[in-house]
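Scroll down for the structure; my scribbles are underneath it.
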Amino acid sequence: MGSFAGHVLPGSFFLVAGLWWTAKYSLWHTTRKNKNLGSTRLASRASQRRLEIIESSVIVFFSCVGMLAEQFAADGPKLQLYDSTEKNWKHLMNWQHTTMYLFFALAGTVSLIIHTTEAAPLALDRLMLAIAFFNEGFLFLYHLHGRVMLDVHLHQLLLYAIFGGALVAFQEVFHRGNLILELLRCTLTLLQGTWFWQIGFVLYPPRSPEWDLKDHNNMMFVTTCYSWHLAFAMFIVGMLHFTVSFVVRSRLKRTPPVEIGLLKSRDRDPESEDEVL
């Protein structure tokens with residue numbers, strides 16, 4: 001991750017995740033509030049499970065891509081942790097980043113098991129996601145020793161979004177389906193994504209002049225910039241939620257309300273996953 005591309009990769013992952021989660025939770029929340037055939041099918045437990053399986057598979061795939069990139073890039077350790085000849089550790093920064101991806105891969109794998117079998121309680125997927133976020137923050141917290149002031153500050157600001165996401169995901173273990181918590185997690189995930197890109201542009205500018213990493217004014221600017229990133233993430237999540245809700249309501253208005261007693265058993269709406277707990 002010690003390059004521009006190394007920050008763009010996780011940044012893009014969190015950006016896509018934040019946008020996807022926002023659209024998904026907005027869709028489910030809107031359809032649960034409408035009692036007609038279209039919303040019944042969209043909000044059914046079967047439909048939710050299919051989406052969760054696809055999402056978990058994508059998370060596992062991209063986490064594995066991240067691990068392979070960290071290990072087998074041009075300057076990667078290629079699975080070598082310790083050099084017995086030179087008697088020193090090999091590319092520990094890459095190993096920390098690989099470990100970060102590993103925990104997200106574990107979270108995706110557990111989610112796949114939960115949504116394809118009955119082997120584990122449903123809330124375990126949120127718990128594993130909270131652990132993955134916490135582990136990410138834990139690794140970055142002890143990732144900054146000996147670095148220049150602005151470099152340290154950029155990563156410290158990132159920790160607010162990471163640990164915030166971990167705390168919100170843990171709250172969802174007990175309050176699954178709470179739209180406020182879900183959209184807050186989306187906002188913090190989106191903030192992570194944009195801030196990873198910002199770190200890449202500051203520390204490894206592809207074309208622009210290099211930043212003075214010891215200038216206190218630059219430190220003040222990136223702090224202000226972080227607040228702008230947060231405002232941008234809140235705006236995007238709010239606008240996407242409004243757009244999805246508006247489109248879904250407009251589509252569902254064209255579908256007549258369903259008389260529950262006339263529904264065939266195969267058309268009945270199973271409990272949504274949020275209502276199972």
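In the structure tokens, chains take the letters A, B, ... in the order shown, each chain's residues start at 1, and ligands count up from 1 in the order shown.
Residues in contact range of Gln171 in chain A, defined as at most 9 Å between only C-alpha atoms, with sequence neighbours fewer than 4 positions away removed, read Arg126, Leu127, Ala130, Ala166, Leu167, His175, Arg176 and Leu181 of chain A.
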Hey, can you spit out that residue selection with C-alpha atoms as a PDB file, in the first residue's frame?
```pdb
ATOM      1  CA  ARG A 126     -22.524  -7.904  11.449  1.00  0.00           C
ATOM      2  CA  LEU A 127     -20.236  -9.002  14.277  1.00  0.00           C
ATOM      3  CA  ALA A 130     -17.344  -5.031  13.075  1.00  0.00           C
ATOM      4  CA  ALA A 166     -16.594  -0.751  13.686  1.00  0.00           C
ATOM      5  CA  LEU A 167     -18.717   0.715  16.486  1.00  0.00           C
ATOM      6  CA  HIS A 175     -30.320  -3.378  16.245  1.00  0.00           C
ATOM      7  CA  ARG A 176     -30.415  -5.032  12.845  1.00  0.00           C
ATOM      8  CA  LEU A 181     -27.271   2.906  11.851  1.00  0.00           C
TER       9      LEU A 181
END
```
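Using only C-alpha atoms, the nearest neighbour of His97 in chain A within the list A:His143, A:Arg50, A:Lys33, A:His241 is A:His143.
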Secondary structure check, strand (DSSP E) residues of range 22-269 of chain A, as a PyMOL selection string:
chain A and resi 82-83+88-89
Phe235 in chain A surroundings by only C-alpha atoms, 9 Å radius, close-in-sequence under 5 positions cut, as a PyMOL selection string:
chain A and resi 187+230+240
Nearby residues (only C-alpha atoms) at most 6 Å from range 101-110 of chain A, same-chain spacing under 2 positions excluded, as a ChimeraX atom specification:
/A:56,59-60,63,67,98-99,112-113,128-129,132
Selected residue, from A:Ile131, A:Leu150, A:Leu141, A:Ala120, that lies nearest to Gly165 in chain A when counting only C-alpha atoms
A:Ile131
